[in-house]
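S.K.: Got a structure here, written out as structure tokens. Questions coming.
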Amino acid sequence: MNKISLSPAYVLHSRLFRETSLLVEIFTAEQGRISLIAKGVRGRNAERGRLLQPFLPLLLSWQGKSQQKLLTHVEAAYIPPFLSGQALACGFYLNELIMRLLLHQDSHAGLYEAYHTALCELRQTQLLGPALRKFEFSLLKELGYGLCFDQDEQQQAIDPNAWYSFDSQKGFSPIYQPTHTQLPFCFLGALLQAIGQNDYAQASVRADAKRLTQLALAPHLGSKPLASRELLVVN
């Protein structure tokens, strides 16, 4: 029987299972997404269940060979400040992206670190959008669809004064001047350069970065909308 001991992890989602248990989706550094059965964690005396909360850094142990493992131990790595308001909505958005786009037991150590960093930034700043954008770009890279902000699809350097249309398969293509119908898919080179440098000081850069990640993620998310996105009012 496969056993994992004290793996750093975050809870993504949980739901009721039988009378006193939970089915828990977690995100780990080495194992990726894992489904756990957490037995006997509901009720007044179920101390373990109170730790199985989203955004709390945990150390988890489990065992089993099936897709649904059995949780055997849970402890908090530490207790960070709680997310609230729009920061909380942002956290649920990150969790929903991971649930929708990552396969079970597919390791993404780099993305786990990006997720941890994003949660820390959401707790520490009032400018929430950049934390989301950096995670979204990390997610696209992990999925094999990372964006290049240095060159266009013809391998020419991005011109800060030129316009570029975006295609999720091809990347950025130079155009002379966007028409009204093309504008939702077009970006000024200077703003693309700022996004590539994680320079989100200007509101226009934040707005374009949000529009770009929505375009880039759309083919992978399909037609079903993200429930958490409806709660977000940040750039």
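We name chains A, B, ... following the order of the structure tokens; residues begin at 1 in each chain, and ligands are numbered from 1 as shown.
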Mind checking which residues fall within 12 Å of Phe92 of chain A, counting only C-alpha atoms, ignoring those fewer than 5 positions away in the same chain, and posting them as a ChimeraX atom specification?

M.R.: /A:11-13,53-55,83-87,97-99,115,118-119,122,132,226-232

S.K.: Take the residues just selected and output them with C-alpha atoms as a short mmCIF file (atom, residue, chain, number, x, y, z; two decimals), in the first residue's frame.

M.R.:
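Output saved as part23.cif:
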data_model
loop_
_atom_site.label_atom_id
_atom_site.label_comp_id
_atom_site.auth_asym_id
_atom_site.auth_seq_id
_atom_site.Cartn_x
_atom_site.Cartn_y
_atom_site.Cartn_z
CA VAL A 11 -7.21 22.05 0.28
CA LEU A 12 -8.88 23.05 -2.97
CA HIS A 13 -12.40 21.80 -2.34
CA GLN A 53 -9.89 24.48 5.10
CA PRO A 54 -8.86 26.17 1.84
CA PHE A 55 -5.79 28.46 1.88
CA LEU A 83 -8.29 35.87 3.34
CA SER A 84 -11.41 38.03 3.24
CA GLY A 85 -13.48 40.07 0.79
CA GLN A 86 -12.15 40.20 -2.75
CA ALA A 87 -8.92 38.46 -1.69
CA LEU A 97 -8.60 27.03 -12.13
CA ILE A 98 -6.53 24.22 -10.63
CA MET A 99 -9.58 21.97 -10.29
CA TYR A 115 0.09 29.14 -5.94
CA ALA A 118 -0.09 34.10 -4.98
CA LEU A 119 -1.84 33.39 -1.67
CA LEU A 122 -3.28 38.23 -1.75
CA LEU A 132 -3.81 36.52 -10.21
CA LEU A 226 -15.98 29.76 -13.92
CA ALA A 227 -18.33 30.35 -10.99
CA SER A 228 -15.69 32.22 -8.98
CA ARG A 229 -14.95 34.64 -11.82
CA GLU A 230 -18.40 36.16 -11.37
CA LEU A 231 -17.34 37.34 -7.90
CA LEU A 232 -14.20 39.16 -9.05
#

S.K.: Using DSSP secondary structure from the backbone, list all strand (DSSP E) positions within chain A, as a PyMOL selection string.

M.R.: chain A and resi 3-17+21-28+32-38+58-63+68-76+163-167+171-175+186-188

S.K.: List as a list in words the protein and nucleic acid residues near Thr179 of chain A, meaning an atom at most 12 Å away when only C-alpha atoms are counted, but skip any in the same chain fewer than 4 places from it.

M.R.: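 Neighbouring residues, sequence-local ones excluded: Trp163, Tyr164, Ser165, Ile175, Leu183, Pro184, Phe185 and Cys186 of chain A.
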
S.K.: Restricting it to all heavy atoms, dump the selection as a PDB file, in the first residue's frame.

M.R.:
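Okay, this is what ended up in part_11.pdb:
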ATOM      1  N   TRP A 163       1.119  47.398 -32.870  1.00  0.00           N
ATOM      2  CA  TRP A 163      -0.032  46.642 -32.395  1.00  0.00           C
ATOM      3  C   TRP A 163       0.144  45.174 -32.743  1.00  0.00           C
ATOM      4  O   TRP A 163       0.719  44.830 -33.785  1.00  0.00           O
ATOM      5  CB  TRP A 163      -1.321  47.157 -33.030  1.00  0.00           C
ATOM      6  CG  TRP A 163      -1.833  48.425 -32.426  1.00  0.00           C
ATOM      7  CD1 TRP A 163      -1.582  49.693 -32.865  1.00  0.00           C
ATOM      8  CD2 TRP A 163      -2.671  48.552 -31.279  1.00  0.00           C
ATOM      9  NE1 TRP A 163      -2.205  50.598 -32.057  1.00  0.00           N
ATOM     10  CE2 TRP A 163      -2.886  49.937 -31.071  1.00  0.00           C
ATOM     11  CE3 TRP A 163      -3.261  47.637 -30.398  1.00  0.00           C
ATOM     12  CZ2 TRP A 163      -3.676  50.405 -30.027  1.00  0.00           C
ATOM     13  CZ3 TRP A 163      -4.039  48.104 -29.362  1.00  0.00           C
ATOM     14  CH2 TRP A 163      -4.243  49.485 -29.182  1.00  0.00           C
ATOM     15  N   TYR A 164      -0.409  44.315 -31.860  1.00  0.00           N
ATOM     16  CA  TYR A 164      -0.310  42.869 -32.080  1.00  0.00           C
ATOM     17  C   TYR A 164      -1.657  42.218 -31.775  1.00  0.00           C
ATOM     18  O   TYR A 164      -2.309  42.561 -30.782  1.00  0.00           O
ATOM     19  CB  TYR A 164       0.762  42.257 -31.170  1.00  0.00           C
ATOM     20  CG  TYR A 164       2.154  42.736 -31.485  1.00  0.00           C
ATOM     21  CD1 TYR A 164       2.635  43.918 -30.919  1.00  0.00           C
ATOM     22  CD2 TYR A 164       2.975  42.034 -32.365  1.00  0.00           C
ATOM     23  CE1 TYR A 164       3.909  44.380 -31.227  1.00  0.00           C
ATOM     24  CE2 TYR A 164       4.250  42.484 -32.663  1.00  0.00           C
ATOM     25  CZ  TYR A 164       4.707  43.660 -32.093  1.00  0.00           C
ATOM     26  OH  TYR A 164       5.967  44.120 -32.404  1.00  0.00           O
ATOM     27  N   SER A 165      -2.051  41.299 -32.649  1.00  0.00           N
ATOM     28  CA  SER A 165      -3.243  40.500 -32.376  1.00  0.00           C
ATOM     29  C   SER A 165      -2.802  39.201 -31.708  1.00  0.00           C
ATOM     30  O   SER A 165      -1.722  38.675 -31.979  1.00  0.00           O
ATOM     31  CB  SER A 165      -4.014  40.195 -33.665  1.00  0.00           C
ATOM     32  OG  SER A 165      -3.235  39.387 -34.542  1.00  0.00           O
ATOM     33  N   ILE A 175       0.082  43.731 -36.527  1.00  0.00           N
ATOM     34  CA  ILE A 175      -0.910  44.268 -37.445  1.00  0.00           C
ATOM     35  C   ILE A 175      -0.692  45.780 -37.531  1.00  0.00           C
ATOM     36  O   ILE A 175      -0.119  46.392 -36.634  1.00  0.00           O
ATOM     37  CB  ILE A 175      -2.350  43.949 -37.000  1.00  0.00           C
ATOM     38  CG1 ILE A 175      -2.630  44.537 -35.611  1.00  0.00           C
ATOM     39  CG2 ILE A 175      -2.613  42.456 -37.017  1.00  0.00           C
ATOM     40  CD1 ILE A 175      -4.071  44.385 -35.188  1.00  0.00           C
ATOM     41  N   LEU A 183     -10.199  44.752 -32.128  1.00  0.00           N
ATOM     42  CA  LEU A 183      -9.647  45.395 -30.935  1.00  0.00           C
ATOM     43  C   LEU A 183      -9.663  44.511 -29.686  1.00  0.00           C
ATOM     44  O   LEU A 183      -8.695  44.530 -28.910  1.00  0.00           O
ATOM     45  CB  LEU A 183     -10.381  46.708 -30.676  1.00  0.00           C
ATOM     46  CG  LEU A 183      -9.654  47.724 -29.783  1.00  0.00           C
ATOM     47  CD1 LEU A 183      -8.284  48.055 -30.346  1.00  0.00           C
ATOM     48  CD2 LEU A 183     -10.490  48.991 -29.626  1.00  0.00           C
ATOM     49  N   PRO A 184     -10.714  43.707 -29.441  1.00  0.00           N
ATOM     50  CA  PRO A 184     -10.693  42.867 -28.230  1.00  0.00           C
ATOM     51  C   PRO A 184      -9.558  41.860 -28.204  1.00  0.00           C
ATOM     52  O   PRO A 184      -9.209  41.339 -27.137  1.00  0.00           O
ATOM     53  CB  PRO A 184     -12.055  42.163 -28.269  1.00  0.00           C
ATOM     54  CG  PRO A 184     -12.927  43.061 -29.085  1.00  0.00           C
ATOM     55  CD  PRO A 184     -12.013  43.632 -30.132  1.00  0.00           C
ATOM     56  N   PHE A 185      -8.962  41.578 -29.365  1.00  0.00           N
ATOM     57  CA  PHE A 185      -7.883  40.587 -29.446  1.00  0.00           C
ATOM     58  C   PHE A 185      -6.517  41.233 -29.671  1.00  0.00           C
ATOM     59  O   PHE A 185      -5.543  40.532 -29.931  1.00  0.00           O
ATOM     60  CB  PHE A 185      -8.172  39.605 -30.596  1.00  0.00           C
ATOM     61  CG  PHE A 185      -9.511  38.944 -30.492  1.00  0.00           C
ATOM     62  CD1 PHE A 185     -10.610  39.470 -31.154  1.00  0.00           C
ATOM     63  CD2 PHE A 185      -9.686  37.805 -29.716  1.00  0.00           C
ATOM     64  CE1 PHE A 185     -11.856  38.870 -31.050  1.00  0.00           C
ATOM     65  CE2 PHE A 185     -10.927  37.200 -29.609  1.00  0.00           C
ATOM     66  CZ  PHE A 185     -12.019  37.733 -30.281  1.00  0.00           C
ATOM     67  N   CYS A 186      -6.443  42.567 -29.558  1.00  0.00           N
ATOM     68  CA  CYS A 186      -5.220  43.284 -29.905  1.00  0.00           C
ATOM     69  C   CYS A 186      -4.608  43.982 -28.699  1.00  0.00           C
ATOM     70  O   CYS A 186      -5.319  44.425 -27.788  1.00  0.00           O
ATOM     71  CB  CYS A 186      -5.501  44.295 -31.018  1.00  0.00           C
ATOM     72  SG  CYS A 186      -5.946  43.511 -32.584  1.00  0.00           S
TER      73      CYS A 186
END

S.K.: Pick out the closest residue to Leu52 of chain A from this set: A:Leu188, A:Val234, A:Val24, A:Ala89. Count only C-alpha atoms.

M.R.: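 Closest to Leu52 of chain A of all the choices is A:Val24.
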
S.K.: Write out as a tab-separated table the residues of segment 86-174 of chain A that have any atom within 10 Å of an atom of segment 193-199 of chain A, one row each with the nearest atom pair and its distance in Å to one decimal, counting only C-alpha atoms, sorted by chain and then rising number.

M.R.:
residue	atom	partner	partner_atom	distance
A:Pro130	CA	A:Asn198	CA	7.9
A:Ala131	CA	A:Asn198	CA	9.9
A:Arg133	CA	A:Asn198	CA	9.0
A:Lys134	CA	A:Asn198	CA	7.6
A:Phe137	CA	A:Gly196	CA	9.8
A:Leu147	CA	A:Gly196	CA	8.8
A:Cys148	CA	A:Gly196	CA	7.8
A:Phe149	CA	A:Gly196	CA	5.3
A:Asp150	CA	A:Gln193	CA	7.2
A:Gln151	CA	A:Gln193	CA	9.8
A:Ile158	CA	A:Gln193	CA	7.5
A:Asp159	CA	A:Gln193	CA	8.7
A:Pro160	CA	A:Gln193	CA	7.2

S.K.: So how many Å separate atom CA of Gly129 of chain A and atom CA of Ile26 of chain A, to one decimal?

M.R.: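 So the two atoms, atom CA of Gly129 of chain A and atom CA of Ile26 of chain A, lie 24.1 Å apart.
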
S.K.: Provide the atom CA of Gln169 of chain A to atom CA of Tyr145 of chain A distance in Å, to one decimal place.

M.R.: 8.2 Å

S.K.: Rounded to one decimal in Å, what is the spacing between atom CA of Ala190 of chain A and atom CA of Glu136 of chain A?

M.R.: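 These atoms are spaced 20.3 Å apart.
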
S.K.: Residues of segment 8-234 of chain A classed as helix (DSSP H, G or I) by DSSP on the backbone are to be reported as a PyMOL selection string.

M.R.: chain A and resi 47-51+85-101+109-124+129-142+183-185+189-196+203-221+228-231

S.K.: For His116 of chain A, please output as a ChimeraX atom specification all residues within 12 Å (counting only C-alpha atoms; exclusion window: fewer than 4 positions along the same chain).

M.R.: /A:8-11,27-29,54-58,80,91,94-95,109-112,120-123,131-132,134-135

S.K.: Using only C-alpha atoms, which residue out of A:Lys65, A:Arg15, A:Lys3, A:Lys210 lies closest to Arg42 of chain A?

M.R.: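 Answer, going by the shortest atom-to-atom distance: A:Arg15.
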
S.K.: Here is a test: counting only C-alpha atoms, which residue of A:Gly146, A:Gly49, A:Gly43, A:Gly222 is nearest to Arg100 of chain A?

M.R.: A:Gly222

S.K.: Go through A:Lys224, A:Ser7, A:Gln67, A:Thr20 one by one, measure the shortest atom-to-atom distance of each to Leu36 of chain A using only C-alpha atoms, and give the residue with the smallest value.

M.R.: A:Gln67
